[in-house]
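**Q** Dropping in query07.txt, which is compact mmCIF, C-alpha atoms and all ligand atoms:
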# COMPACT_ATOMS: atom_id res chain seq x y z
CA MET T 1339 180.03 -14.96 -125.83
CA LYS T 1340 178.75 -12.62 -123.15
CA LYS T 1341 179.51 -13.91 -119.75
CA LEU T 1342 178.06 -12.58 -116.56
CA VAL T 1343 179.53 -13.82 -113.33
CA THR T 1344 178.44 -12.60 -109.96
CA VAL T 1345 180.77 -12.99 -107.06
CA SER T 1346 179.82 -12.36 -103.47
CA ILE T 1347 182.37 -10.60 -101.38
CA GLU T 1348 182.06 -9.44 -97.83
CA GLY T 1349 183.21 -6.22 -96.29
CA ILE T 1350 185.93 -3.81 -97.24
CA GLU T 1351 188.87 -6.05 -96.33
CA PRO T 1352 188.32 -8.75 -98.96
CA LEU T 1353 187.57 -5.95 -101.35
CA ASN T 1354 191.02 -4.54 -100.81
CA ILE T 1355 192.62 -7.99 -101.14
CA LEU T 1356 190.67 -8.43 -104.32
CA ARG T 1357 191.82 -5.08 -105.61
CA SER T 1358 195.45 -5.99 -105.09
CA LYS T 1359 194.97 -9.41 -106.68
CA LEU T 1360 193.30 -7.78 -109.63
CA TYR T 1361 196.10 -5.31 -109.84
CA GLU T 1362 198.54 -8.20 -110.12
CA ALA T 1363 196.38 -9.73 -112.79
CA GLY T 1364 196.17 -6.41 -114.60
CA LEU T 1365 192.45 -6.15 -114.30
CA PHE T 1366 190.27 -3.15 -114.10
CA LEU T 1367 188.01 -2.80 -111.11
CA SER T 1368 185.19 -0.35 -111.26
CA ASN T 1369 182.46 0.20 -108.78
CA ARG T 1370 180.10 1.49 -111.43
CA SER T 1371 178.62 -1.24 -113.56
CA ASP T 1372 177.66 1.16 -116.35
CA ILE T 1373 181.23 2.41 -116.66
CA ALA T 1374 182.52 -1.15 -116.56
CA VAL T 1375 180.20 -2.20 -119.32
CA GLN T 1376 181.13 0.86 -121.35
CA ILE T 1377 184.81 0.05 -121.07
CA ALA T 1378 184.11 -3.61 -121.73
CA SER T 1379 182.41 -2.62 -124.96
CA ASP T 1380 185.28 -0.39 -125.96
CA PHE T 1381 187.77 -3.14 -125.36
CA SER T 1382 185.62 -5.95 -126.60
CA THR T 1383 187.53 -6.48 -129.82
CA LEU T 1384 190.48 -7.28 -127.66
CA GLY T 1385 188.33 -9.65 -125.64
CA LYS T 1386 188.83 -7.85 -122.37
CA CYS T 1387 187.22 -8.89 -119.19
CA LEU T 1388 186.28 -6.29 -116.68
CA LEU T 1389 185.24 -6.54 -113.14
CA THR T 1390 182.77 -4.33 -111.49
CA ILE T 1391 181.38 -3.91 -108.08
CA THR T 1392 177.75 -3.20 -108.24
CA LYS T 1393 174.69 -3.03 -106.12
CA GLY T 1394 172.84 -4.55 -108.99
CA PHE T 1395 170.35 -1.92 -110.07
CA CYS T 1396 172.06 -0.66 -113.18
CA ILE T 1397 173.44 -3.91 -114.58
CA GLU T 1398 170.50 -4.51 -116.80
CA VAL T 1399 170.40 -0.97 -118.10
CA ALA T 1400 174.12 -0.95 -118.67
CA LEU T 1401 174.21 -4.24 -120.52
CA ASN T 1402 171.20 -3.37 -122.60
CA ASN T 1403 172.90 -0.20 -123.67
CA ALA T 1404 175.99 -2.08 -124.73
CA ASP T 1405 176.18 -3.10 -128.35
CA PRO T 1406 174.71 -6.63 -128.45
CA ALA T 1407 176.82 -7.47 -131.46
CA GLN T 1408 179.99 -7.04 -129.50
CA ASP T 1409 181.71 -9.90 -127.87
CA LEU T 1410 181.63 -8.81 -124.28
CA GLN T 1411 182.82 -10.49 -121.15
CA VAL T 1412 182.04 -8.89 -117.87
CA VAL T 1413 182.58 -10.14 -114.39
CA PHE T 1414 180.45 -8.49 -111.77
CA ILE T 1415 181.62 -8.44 -108.21
CA LEU T 1416 178.72 -7.85 -105.93
CA GLU T 1417 179.03 -6.27 -102.57
CA ASN T 1418 177.56 -8.82 -100.26
CA ARG T 1419 174.62 -6.75 -99.19
CA LEU T 1420 172.09 -9.03 -100.74
CA GLU T 1421 170.32 -9.98 -97.54
CA ASN T 1422 168.02 -7.28 -98.73
CA LEU T 1423 165.55 -9.46 -100.55
CA ASN T 1424 164.14 -6.74 -102.75
CA GLN T 1425 167.52 -5.95 -104.10
CA THR T 1426 168.20 -9.62 -104.77
CA ALA T 1427 164.87 -9.84 -106.53
CA VAL T 1428 165.65 -6.84 -108.68
CA MET T 1429 168.96 -8.34 -109.64
CA GLN T 1430 167.49 -11.70 -110.42
CA SER T 1431 164.80 -10.24 -112.60
CA GLY T 1432 167.46 -8.24 -114.37
CA PHE T 1433 169.51 -11.33 -115.06
CA THR T 1434 166.54 -13.36 -116.19
CA LYS T 1435 165.62 -10.74 -118.70
CA LEU T 1436 169.13 -10.66 -119.98
CA ILE T 1437 169.17 -14.40 -120.38
CA ASP T 1438 165.85 -14.33 -122.18
CA LYS T 1439 166.95 -11.63 -124.49
CA GLN T 1440 170.42 -12.68 -125.35
CA GLY T 1441 170.45 -16.31 -124.59
CA GLU T 1442 174.16 -16.57 -124.18
CA ILE T 1443 174.50 -14.85 -120.88
CA PHE T 1444 174.57 -17.08 -117.89
CA ILE T 1445 174.68 -16.41 -114.23
CA LYS T 1446 176.95 -18.08 -111.86
CA ARG T 1447 177.61 -17.42 -108.20
CA TYR T 1448 181.11 -17.86 -106.93
CA ARG T 1449 182.50 -17.50 -103.51
CA PHE T 1450 185.09 -14.78 -103.39
CA ALA T 1451 187.97 -17.25 -103.14
CA ASP T 1452 186.79 -19.24 -106.18
CA ALA T 1453 186.47 -16.10 -108.16
CA VAL T 1454 189.97 -15.00 -107.43
CA ASN T 1455 191.52 -18.42 -107.96
CA VAL T 1456 189.57 -19.63 -110.89
CA ASP T 1457 188.59 -16.62 -112.86
CA LEU T 1458 191.66 -14.48 -112.58
CA GLU T 1459 193.77 -17.12 -114.27
CA ALA T 1460 191.40 -17.24 -117.17
CA LEU T 1461 191.09 -13.50 -117.28
CA ARG T 1462 194.81 -13.00 -117.18
CA ARG T 1463 195.21 -15.12 -120.30
CA ILE T 1464 192.91 -13.02 -122.40
CA LEU T 1465 194.39 -9.69 -121.46
CA SER T 1466 196.53 -8.09 -124.10
CA ASN T 1467 199.69 -6.25 -123.20
CA LYS T 1468 198.60 -3.14 -124.98
CA THR T 1469 195.76 -2.24 -122.68
CA LYS T 1470 197.29 -3.60 -119.56
CA GLU T 1471 199.08 -0.33 -118.94
CA GLU T 1472 195.92 1.65 -119.39
CA LEU T 1473 194.19 -0.64 -117.00
CA PHE T 1474 197.01 -0.24 -114.53
CA ASP T 1475 196.71 3.51 -114.80
CA ASP T 1476 193.06 3.34 -114.06
CA LEU T 1477 193.62 1.06 -111.15
CA ASN T 1478 196.31 3.35 -109.85
CA ARG T 1479 193.99 6.31 -110.04
CA GLN T 1480 191.41 4.36 -108.13
CA ASN T 1481 193.96 3.33 -105.56
CA ILE T 1482 194.96 6.95 -105.06
CA GLN T 1483 191.32 7.90 -104.71
CA LEU T 1484 190.82 5.16 -102.17
CA GLN T 1485 193.90 6.31 -100.30
CA LEU T 1486 192.54 9.85 -100.20
CA GLU T 1487 189.22 8.62 -98.92
CA ILE T 1488 190.94 6.63 -96.18
CA GLU T 1489 193.02 9.67 -95.20
CA GLU T 1490 189.90 11.84 -95.10
CA ARG T 1491 188.24 9.32 -92.86
CA ILE T 1492 191.23 9.18 -90.53
CA THR T 1493 191.26 13.00 -90.30
CA ALA T 1494 187.55 13.02 -89.52
CA GLU T 1495 188.00 10.37 -86.84
CA GLU T 1496 190.85 12.33 -85.28
CA ALA T 1497 188.70 15.46 -85.22
CA LEU T 1498 185.94 13.48 -83.55
CA HIS T 1499 188.30 12.16 -80.88
CA GLU T 1500 189.63 15.64 -80.25
CA THR T 1501 186.10 16.94 -79.80
CA GLN T 1502 185.39 14.12 -77.38
CA ARG T 1503 188.53 14.97 -75.39
CA ASP T 1504 187.54 18.65 -75.32
CA LEU T 1505 184.08 17.75 -74.11
CA VAL T 1506 185.47 15.55 -71.35
CA ALA T 1507 187.78 18.40 -70.28
CA ALA T 1508 184.84 20.82 -70.38
CA GLU T 1509 182.82 18.38 -68.29
CA LYS T 1510 185.60 18.38 -65.66
CA LEU T 1511 185.59 22.17 -65.57
CA ALA T 1512 181.81 22.28 -65.43
CA ALA T 1513 181.91 19.87 -62.47
CA LEU T 1514 184.42 22.15 -60.79
CA GLY T 1515 182.24 25.18 -61.52
CA GLY T 1516 179.27 23.39 -59.96
CA LEU T 1517 181.36 22.56 -56.92
CA VAL T 1518 182.44 26.20 -56.51
CA ALA T 1519 178.86 27.45 -56.72
CA GLY T 1520 177.62 24.78 -54.30
CA ILE T 1521 180.31 25.42 -51.75
CA ALA T 1522 179.96 29.21 -51.93
CA HIS T 1523 176.27 28.73 -51.19
CA GLU T 1524 176.99 26.34 -48.36
CA ILE T 1525 179.63 28.53 -46.72
CA ASN T 1526 177.29 31.49 -46.83
CA THR T 1527 175.10 29.99 -44.07
CA PRO T 1528 177.66 29.50 -41.27
CA VAL T 1529 179.46 32.72 -42.13
CA GLY T 1530 176.15 34.64 -42.09
CA ILE T 1531 175.17 33.12 -38.72
CA GLY T 1532 178.67 33.91 -37.40
CA VAL T 1533 178.42 37.56 -38.47
CA THR T 1534 175.00 37.95 -36.83
CA ALA T 1535 176.21 36.34 -33.59
CA ALA T 1536 179.36 38.50 -33.53
CA SER T 1537 177.37 41.73 -33.92
CA HIS T 1538 174.95 40.56 -31.24
CA LEU T 1539 177.98 39.96 -29.02
CA ARG T 1540 179.24 43.50 -29.69
CA GLU T 1541 175.82 44.98 -28.82
CA THR T 1542 175.68 42.97 -25.59
CA ILE T 1543 179.13 44.17 -24.53
CA GLU T 1544 178.31 47.77 -25.52
CA GLY T 1545 175.14 47.60 -23.36
CA PHE T 1546 177.21 46.28 -20.47
CA ALA T 1547 179.81 49.04 -20.97
CA THR T 1548 177.06 51.69 -20.83
CA LEU T 1549 175.72 50.27 -17.56
CA CYS T 1550 179.29 50.33 -16.20
CA ALA T 1551 179.81 53.94 -17.30
CA GLU T 1552 176.51 55.03 -15.75
CA GLY T 1553 177.29 53.20 -12.52
CA LYS T 1554 174.04 51.22 -12.78
CA LEU T 1555 175.62 47.83 -12.92
CA LYS T 1556 173.93 45.08 -10.91
CA ARG T 1557 175.21 41.62 -10.06
CA SER T 1558 172.52 40.07 -12.28
CA ASP T 1559 173.76 42.14 -15.29
CA LEU T 1560 177.15 40.52 -14.95
CA ASP T 1561 175.58 37.03 -14.84
CA THR T 1562 173.52 37.83 -17.96
CA LEU T 1563 176.60 39.13 -19.74
CA ILE T 1564 178.62 36.04 -18.96
CA SER T 1565 175.95 33.64 -20.18
CA SER T 1566 175.25 35.75 -23.35
CA VAL T 1567 178.92 36.06 -24.22
CA LEU T 1568 179.47 32.32 -23.76
CA GLU T 1569 176.42 31.45 -25.82
CA LEU T 1570 177.20 33.86 -28.66
CA ASN T 1571 180.85 32.91 -28.66
CA GLY T 1572 179.78 29.26 -28.94
CA ILE T 1573 177.67 30.10 -31.98
CA VAL T 1574 180.50 32.07 -33.61
CA GLU T 1575 182.99 29.29 -32.91
CA GLU T 1576 180.77 26.50 -34.15
CA ASN T 1577 179.90 28.28 -37.35
CA LEU T 1578 183.45 29.33 -38.06
CA ARG T 1579 184.51 25.74 -37.56
CA ARG T 1580 181.81 24.59 -39.97
CA ALA T 1581 182.91 27.15 -42.57
CA SER T 1582 186.52 26.23 -42.06
CA SER T 1583 185.86 22.52 -42.54
CA LEU T 1584 183.87 23.25 -45.70
CA ILE T 1585 186.66 25.42 -47.05
CA LYS T 1586 189.21 22.78 -46.21
CA SER T 1587 187.30 20.04 -48.02
CA PHE T 1588 186.57 22.34 -50.88
CA LYS T 1589 190.19 23.40 -51.16
CA GLU T 1590 191.46 19.85 -51.23
CA VAL T 1591 188.84 18.53 -53.59
CA ALA T 1592 188.87 21.53 -55.91
CA VAL T 1593 192.61 21.89 -56.02
CA ASP T 1594 192.95 18.17 -56.52
CA GLN T 1595 190.69 18.32 -59.51
CA THR T 1596 193.10 20.57 -61.33
CA ALA T 1597 196.48 19.88 -59.76
CA GLU T 1598 198.41 16.89 -60.94
CA ASP T 1599 200.76 16.45 -57.98
CA GLU T 1600 200.97 13.11 -56.31
CA ARG T 1601 200.60 12.99 -52.55
CA GLU T 1602 199.93 10.56 -49.77
CA PHE T 1603 196.47 10.48 -48.25
CA PHE T 1604 194.16 8.13 -46.40
CA LEU T 1605 191.41 6.98 -48.73
CA LYS T 1606 188.65 6.97 -46.12
CA GLN T 1607 189.37 10.53 -44.93
CA TYR T 1608 189.59 11.75 -48.48
CA VAL T 1609 186.32 10.13 -49.62
CA ASN T 1610 184.74 11.68 -46.55
CA GLN T 1611 185.92 15.10 -47.72
CA VAL T 1612 184.46 14.44 -51.13
CA VAL T 1613 181.14 13.61 -49.46
CA ILE T 1614 181.32 16.85 -47.43
CA SER T 1615 182.03 18.82 -50.58
CA LEU T 1616 178.81 17.40 -52.00
CA SER T 1617 176.75 18.36 -48.95
CA PRO T 1618 174.90 21.12 -50.84
CA ASN T 1619 173.50 18.39 -53.07
CA LEU T 1620 172.74 16.09 -50.16
CA ARG T 1621 170.83 18.69 -48.19
CA ASN T 1622 167.10 17.98 -47.93
CA ARG T 1623 167.65 14.46 -49.16
CA SER T 1624 167.34 11.38 -46.99
CA ILE T 1625 170.25 9.54 -48.49
CA GLU T 1626 172.61 7.83 -46.08
CA ILE T 1627 176.19 7.47 -47.25
CA SER T 1628 178.20 4.83 -45.47
CA LEU T 1629 181.97 4.63 -45.72
CA ASP T 1630 182.17 1.84 -43.12
CA GLY T 1631 183.43 -0.61 -45.70
CA ILE T 1632 186.56 1.41 -46.44
CA ASP T 1633 189.55 0.00 -44.61
CA GLU T 1634 190.85 2.93 -42.50
CA SER T 1635 194.46 1.97 -42.99
CA ILE T 1636 194.44 2.35 -46.77
CA LEU T 1637 197.05 4.98 -47.54
CA LEU T 1638 197.26 5.94 -51.18
CA LYS T 1639 200.09 7.64 -53.02
CA THR T 1640 198.66 9.14 -56.16
CA THR T 1641 197.02 12.27 -57.55
CA PRO T 1642 193.83 12.52 -55.51
CA GLY T 1643 191.79 14.53 -58.05
CA PRO T 1644 190.76 11.56 -60.18
CA ILE T 1645 189.66 9.66 -57.05
CA ALA T 1646 187.45 12.64 -56.18
CA GLN T 1647 186.06 12.64 -59.70
CA ILE T 1648 185.20 8.94 -59.53
CA PHE T 1649 183.19 9.35 -56.33
CA THR T 1650 181.69 12.72 -57.23
CA ASN T 1651 180.27 11.24 -60.42
CA LEU T 1652 179.07 8.04 -58.78
CA ILE T 1653 177.40 9.86 -55.89
CA MET T 1654 175.86 12.52 -58.15
CA ASN T 1655 174.52 9.76 -60.39
CA SER T 1656 172.86 8.08 -57.42
CA LEU T 1657 171.33 11.42 -56.42
CA VAL T 1658 170.15 12.18 -59.96
CA HIS T 1659 169.27 8.78 -61.40
CA ALA T 1660 168.85 6.28 -58.57
CA PHE T 1661 166.58 8.11 -56.13
CA ASP T 1662 163.69 10.50 -56.53
CA GLN T 1663 164.03 13.79 -54.66
CA ASP T 1664 161.93 12.66 -51.67
CA GLN T 1665 162.97 9.03 -51.69
CA SER T 1666 165.21 7.66 -48.97
CA GLY T 1667 168.09 5.37 -49.77
CA LYS T 1668 171.53 4.18 -48.99
CA ILE T 1669 174.89 4.47 -50.67
CA GLU T 1670 177.75 2.23 -49.54
CA ILE T 1671 181.39 2.59 -50.43
CA ALA T 1672 183.87 -0.14 -49.58
CA ALA T 1673 187.56 -0.54 -50.32
CA LYS T 1674 190.32 -2.98 -49.58
CA HIS T 1675 193.96 -3.42 -50.46
CA ASN T 1676 194.53 -6.69 -52.30
CA SER T 1677 198.13 -7.54 -53.34
CA GLY T 1678 199.01 -4.10 -54.67
CA VAL T 1679 195.58 -3.51 -56.16
CA LEU T 1680 192.97 -1.21 -54.69
CA GLU T 1681 189.58 -2.90 -54.90
CA MET T 1682 186.58 -0.67 -54.40
CA THR T 1683 182.86 -1.18 -54.61
CA TYR T 1684 180.21 1.45 -54.82
CA SER T 1685 176.57 0.54 -54.42
CA ASP T 1686 173.24 2.24 -54.05
CA THR T 1687 169.77 0.93 -53.27
CA GLY T 1688 168.06 2.91 -56.00
CA LYS T 1689 166.15 2.25 -59.18
CA GLY T 1690 168.94 0.39 -60.94
CA ILE T 1691 169.73 0.31 -64.64
CA ALA T 1692 167.78 -1.51 -67.35
CA SER T 1693 169.77 -4.50 -68.62
CA GLU T 1694 169.90 -3.15 -72.18
CA ASN T 1695 171.56 0.04 -70.86
CA ILE T 1696 174.23 -1.49 -68.62
CA GLU T 1697 176.61 -1.99 -71.54
CA LYS T 1698 176.10 1.57 -72.71
CA ILE T 1699 176.58 3.61 -69.56
CA PHE T 1700 180.33 3.99 -70.11
CA ASN T 1701 179.86 5.21 -73.67
CA PRO T 1702 180.42 8.91 -74.14
CA PHE T 1703 177.14 10.82 -74.43
CA PHE T 1704 174.94 7.99 -73.22
CA THR T 1705 172.36 9.47 -70.89
CA THR T 1706 168.78 8.76 -69.98
CA LYS T 1707 168.36 12.34 -68.75
CA ARG T 1708 169.27 14.38 -71.79
CA SER T 1709 166.15 16.51 -71.41
CA HIS T 1710 167.19 17.26 -67.81
CA GLY T 1711 170.64 18.46 -68.79
CA GLY T 1712 172.57 15.18 -68.57
CA SER T 1713 175.48 15.10 -70.97
CA GLY T 1714 176.30 11.41 -70.58
CA LEU T 1715 179.97 12.05 -69.95
CA GLY T 1716 180.16 11.32 -66.22
CA MET T 1717 180.55 7.54 -66.41
CA HIS T 1718 182.77 7.85 -69.47
CA LEU T 1719 185.09 10.01 -67.41
CA VAL T 1720 185.02 7.47 -64.56
CA TYR T 1721 185.72 4.66 -67.03
CA ASN T 1722 188.68 6.54 -68.51
CA ILE T 1723 190.12 7.34 -65.08
CA VAL T 1724 189.85 3.72 -63.91
CA THR T 1725 191.05 2.03 -67.10
CA LYS T 1726 193.51 4.56 -68.54
CA LYS T 1727 194.96 6.36 -65.54
CA TYR T 1728 194.88 3.46 -63.10
CA LEU T 1729 195.11 0.68 -65.70
CA GLY T 1730 192.25 -1.02 -63.91
CA GLN T 1731 188.79 -2.33 -64.53
CA ILE T 1732 185.28 -1.21 -63.77
CA LYS T 1733 182.19 -3.39 -63.94
CA CYS T 1734 178.60 -2.54 -63.32
CA GLU T 1735 175.96 -4.91 -61.99
CA SER T 1736 172.39 -3.83 -61.74
CA GLU T 1737 168.81 -4.93 -61.91
CA PRO T 1738 165.86 -2.62 -62.18
CA ASN T 1739 164.68 -1.62 -58.69
CA HIS T 1740 167.60 -3.38 -57.03
CA GLY T 1741 170.15 -0.60 -57.15
CA VAL T 1742 173.57 -0.62 -58.75
CA VAL T 1743 176.96 -2.04 -57.80
CA PHE T 1744 180.17 -0.83 -59.38
CA HIS T 1745 183.28 -2.95 -58.87
CA MET T 1746 186.53 -1.16 -59.53
CA SER T 1747 190.13 -2.29 -59.37
CA LEU T 1748 192.90 0.33 -59.49
CA HIS T 1749 196.61 -0.21 -59.99
CA ASN T 1750 199.59 2.05 -59.21
CA VAL T 1751 197.95 3.77 -56.25
CA PHE T 1752 200.18 2.55 -53.41
N1 LIG V 1801 173.37 4.98 -59.79
C1 LIG V 1801 172.65 4.92 -60.93
N2 LIG V 1801 171.37 4.47 -60.91
C2 LIG V 1801 170.64 4.42 -62.06
N3 LIG V 1801 171.09 4.76 -63.27
C3 LIG V 1801 172.36 5.21 -63.37
C4 LIG V 1801 173.20 5.31 -62.21
N4 LIG V 1801 174.41 5.77 -62.61
C5 LIG V 1801 174.33 5.95 -63.95
N5 LIG V 1801 173.10 5.63 -64.40
C6 LIG V 1801 172.67 5.63 -65.83
O1 LIG V 1801 173.81 5.78 -66.63
C7 LIG V 1801 173.65 6.89 -67.50
C8 LIG V 1801 175.00 7.50 -67.80
O2 LIG V 1801 175.54 8.15 -66.66
P1 LIG V 1801 176.51 9.38 -66.86
O3 LIG V 1801 176.98 9.83 -65.54
O4 LIG V 1801 177.55 9.00 -67.86
O5 LIG V 1801 175.58 10.47 -67.56
P2 LIG V 1801 174.49 11.43 -66.91
O6 LIG V 1801 174.53 11.34 -65.42
O7 LIG V 1801 173.19 11.12 -67.54
O8 LIG V 1801 174.99 12.86 -67.40
P3 LIG V 1801 176.24 13.68 -66.79
O9 LIG V 1801 176.88 12.84 -65.74
O10 LIG V 1801 177.17 13.88 -67.97
O11 LIG V 1801 175.63 14.92 -66.30
C9 LIG V 1801 172.68 7.81 -66.81
O12 LIG V 1801 172.00 8.65 -67.71
C10 LIG V 1801 171.75 6.79 -66.13
O13 LIG V 1801 170.78 6.30 -67.03
MG MG V 1802 176.32 11.53 -64.34
Would you mind writing the file's structure down as structure tokens?
Ligand SMILES: Nc1ncnc2c1ncn2[C@@H]1O[C@H](COP(=O)(O)OP(=O)(O)OP(=O)(O)O)[C@@H](O)[C@H]1O
Ligand SMILES: [Mg+2]
**A**
Amino acid sequence: MKKLVTVSIEGIEPLNILRSKLYEAGLFLSNRSDIAVQIASDFSTLGKCLLTITKGFCIEVALNNADPAQDLQVVFILENRLENLNQTAVMQSGFTKLIDKQGEIFIKRYRFADAVNVDLEALRRILSNKTKEELFDDLNRQNIQLQLEIEERITAEEALHETQRDLVAAEKLAALGGLVAGIAHEINTPVGIGVTAASHLRETIEGFATLCAEGKLKRSDLDTLISSVLELNGIVEENLRRASSLIKSFKEVAVDQTAEDEREFFLKQYVNQVVISLSPNLRNRSIEISLDGIDESILLKTTPGPIAQIFTNLIMNSLVHAFDQDQSGKIEIAAKHNSGVLEMTYSDTGKGIASENIEKIFNPFFTTKRSHGGSGLGMHLVYNIVTKKYLGQIKCESEPNHGVVFHMSLHNVF
């Protein structure tokens, strides 16, 4: 009697359990129904039962091609992808035809567990010792194949992770490159003004020296000289100070982004330096950044670079995503020490994030600005720093047009 049994199984895991159970039972498992039927036909005189995993399309063809005179028992194991109604319909029509034509075939649907418990016992009884070894061989070959496929997949996944790590590292360097370019541009202004003022100062003193040499010096010339020298000196001093403070911030932030050394620093001062290092990006924007919520006494002992990266990315995101170029807005950063944990919040008053995107923003490569050069790695980097380096947590709350709030908790920073 020809017997057709369909068994629903779900996912790869039960499939593997099934494979090993079948192996114990000495059964052949093929994922090609035509091959299964072919082998079933070959073994039919011995009354073999075969199992096959099939998507259903070729069952009918395969069984029709088998010699109808042969006594054939086949168990089909169906991958449980039959939510697809068309496929189910195709299968059912196939079965119906088979029933019509051969009469003896019947369809039965078993749960996976039933199939293994009930059918394997029966199947085991009708297996002959002679072919068992051949069936084992076949199963072994399939197992090896499966193993190879799993190894290939693992290698591919490792390569993917490596690429992701490389991209994150490249993103860090690109951020540093951007910082260098921005700061060079920014320093150019005070240094340029300083140079102009210094040469003006030299000309003024040269003019005064000439008057002295020619004996034409008047009291009023001396007064003019004094006020000019003071004024120009003030300009030189102020601009040198500005350049110096930029260089200092830049040095700390830039060095910190590459150096790994731990040091002690006050969080508020440091975040302020990060903000200064971003001043090229803040110029011509009416965005107020308030650090009032950071407790001044918070002294951290950690590598400062990652802290700079967290705030650089968050602030840049507010500038790029939250506010239009001419829009005014506010960014607030707050931090407090809570029983050995550093709790920080970052918020802006910008456009916010659509609810369906909130879950995705920490995913690598998620960006809503791909066409504007966004790579979607910024928040992934922040997430990794907070969760992996500082073993902490980061959560985002946002509603469209009501800004964003990021809550972060960092460990091992004191
Ligand atoms: N403050 C914010 N306001 C509104 N949307 C934001 C804000 N911060 C992040 N987003 C959203 O989260 C997405 C992911 O941010 P992420 O920093 O990872 O990538 P990106 O800024 O688009 O690109 P990249 O930082 O790599 O240049 C952004 O594309 C944006 O849609
Ligand atoms: Mg970003």
**Q** Point out the residue among T:Val1567, T:Leu1477, T:Leu1719, T:Leu1511 with the least atom-to-atom distance to ligand MG 1802 (chain V), counting all atoms listed in the file.
**A**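 For ligand MG 1802 (chain V), the nearest of the given residues is T:Leu1719.
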**Q** Counting only C-alpha atoms and all ligand atoms, which of T:Leu1715, T:Leu1486, T:Cys1734, T:Ile1627 gets nearest to ligand MG 1802 (chain V)?
**A**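 That would be T:Leu1715, the residue with the smallest distance to ligand MG 1802 (chain V).
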**Q** Show which residues sit within 9 Å of stretch 1603-1619 of chain T, as an MDAnalysis selection string. Count only C-alpha atoms, and ignore same-chain residues fewer than 4 positions away.
**A** chainID T and resid 1517 1520:1521 1523:1524 1583:1588 1590:1591 1623 1627 1629:1630 1632:1640 1642 1645:1647 1649:1650 1653:1654 1657 1673
**Q** Kindly save the residues from that selection, with C-alpha atoms included, as a PDB file, in the coordinates of the input.
**A**
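See part-v4.pdb below for the written result:
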ATOM      1  CA  LEU T1517     181.360  22.560 -56.920  1.00  0.00           C
ATOM      2  CA  GLY T1520     177.620  24.780 -54.300  1.00  0.00           C
ATOM      3  CA  ILE T1521     180.310  25.420 -51.750  1.00  0.00           C
ATOM      4  CA  HIS T1523     176.270  28.730 -51.190  1.00  0.00           C
ATOM      5  CA  GLU T1524     176.990  26.340 -48.360  1.00  0.00           C
ATOM      6  CA  SER T1583     185.860  22.520 -42.540  1.00  0.00           C
ATOM      7  CA  LEU T1584     183.870  23.250 -45.700  1.00  0.00           C
ATOM      8  CA  ILE T1585     186.660  25.420 -47.050  1.00  0.00           C
ATOM      9  CA  LYS T1586     189.210  22.780 -46.210  1.00  0.00           C
ATOM     10  CA  SER T1587     187.300  20.040 -48.020  1.00  0.00           C
ATOM     11  CA  PHE T1588     186.570  22.340 -50.880  1.00  0.00           C
ATOM     12  CA  GLU T1590     191.460  19.850 -51.230  1.00  0.00           C
ATOM     13  CA  VAL T1591     188.840  18.530 -53.590  1.00  0.00           C
ATOM     14  CA  ARG T1623     167.650  14.460 -49.160  1.00  0.00           C
ATOM     15  CA  ILE T1627     176.190   7.470 -47.250  1.00  0.00           C
ATOM     16  CA  LEU T1629     181.970   4.630 -45.720  1.00  0.00           C
ATOM     17  CA  ASP T1630     182.170   1.840 -43.120  1.00  0.00           C
ATOM     18  CA  ILE T1632     186.560   1.410 -46.440  1.00  0.00           C
ATOM     19  CA  ASP T1633     189.550   0.000 -44.610  1.00  0.00           C
ATOM     20  CA  GLU T1634     190.850   2.930 -42.500  1.00  0.00           C
ATOM     21  CA  SER T1635     194.460   1.970 -42.990  1.00  0.00           C
ATOM     22  CA  ILE T1636     194.440   2.350 -46.770  1.00  0.00           C
ATOM     23  CA  LEU T1637     197.050   4.980 -47.540  1.00  0.00           C
ATOM     24  CA  LEU T1638     197.260   5.940 -51.180  1.00  0.00           C
ATOM     25  CA  LYS T1639     200.090   7.640 -53.020  1.00  0.00           C
ATOM     26  CA  THR T1640     198.660   9.140 -56.160  1.00  0.00           C
ATOM     27  CA  PRO T1642     193.830  12.520 -55.510  1.00  0.00           C
ATOM     28  CA  ILE T1645     189.660   9.660 -57.050  1.00  0.00           C
ATOM     29  CA  ALA T1646     187.450  12.640 -56.180  1.00  0.00           C
ATOM     30  CA  GLN T1647     186.060  12.640 -59.700  1.00  0.00           C
ATOM     31  CA  PHE T1649     183.190   9.350 -56.330  1.00  0.00           C
ATOM     32  CA  THR T1650     181.690  12.720 -57.230  1.00  0.00           C
ATOM     33  CA  ILE T1653     177.400   9.860 -55.890  1.00  0.00           C
ATOM     34  CA  MET T1654     175.860  12.520 -58.150  1.00  0.00           C
ATOM     35  CA  LEU T1657     171.330  11.420 -56.420  1.00  0.00           C
ATOM     36  CA  ALA T1673     187.560  -0.540 -50.320  1.00  0.00           C
TER      37      ALA T1673
END
**Q** Nearest to T:Glu1569 among T:Val1742, T:His1538, T:Glu1600, T:Ala1581, with distances taken over all atoms listed in the file: which residue is it?
**A**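 The shortest atom-to-atom distance to T:Glu1569 comes from T:His1538.
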**Q** Could you jot down the atom CA of T:His1718 to atom C4 of ligand LIG 1801 (chain V) separation for me, Å, one decimal place?
**A**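 These two atoms are separated by 12.3 Å.
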**Q** Padding 3 Å on every side, please: axis-aligned box over the listed atoms of ligand LIG 1801 (chain V), centre and edge lengths to one decimal in Å, as AutoDock Vina command-line options.
**A**
--center_x 174.1 --center_y 9.7 --center_z -63.9 --size_x 12.9 --size_y 16.5 --size_z 14.2
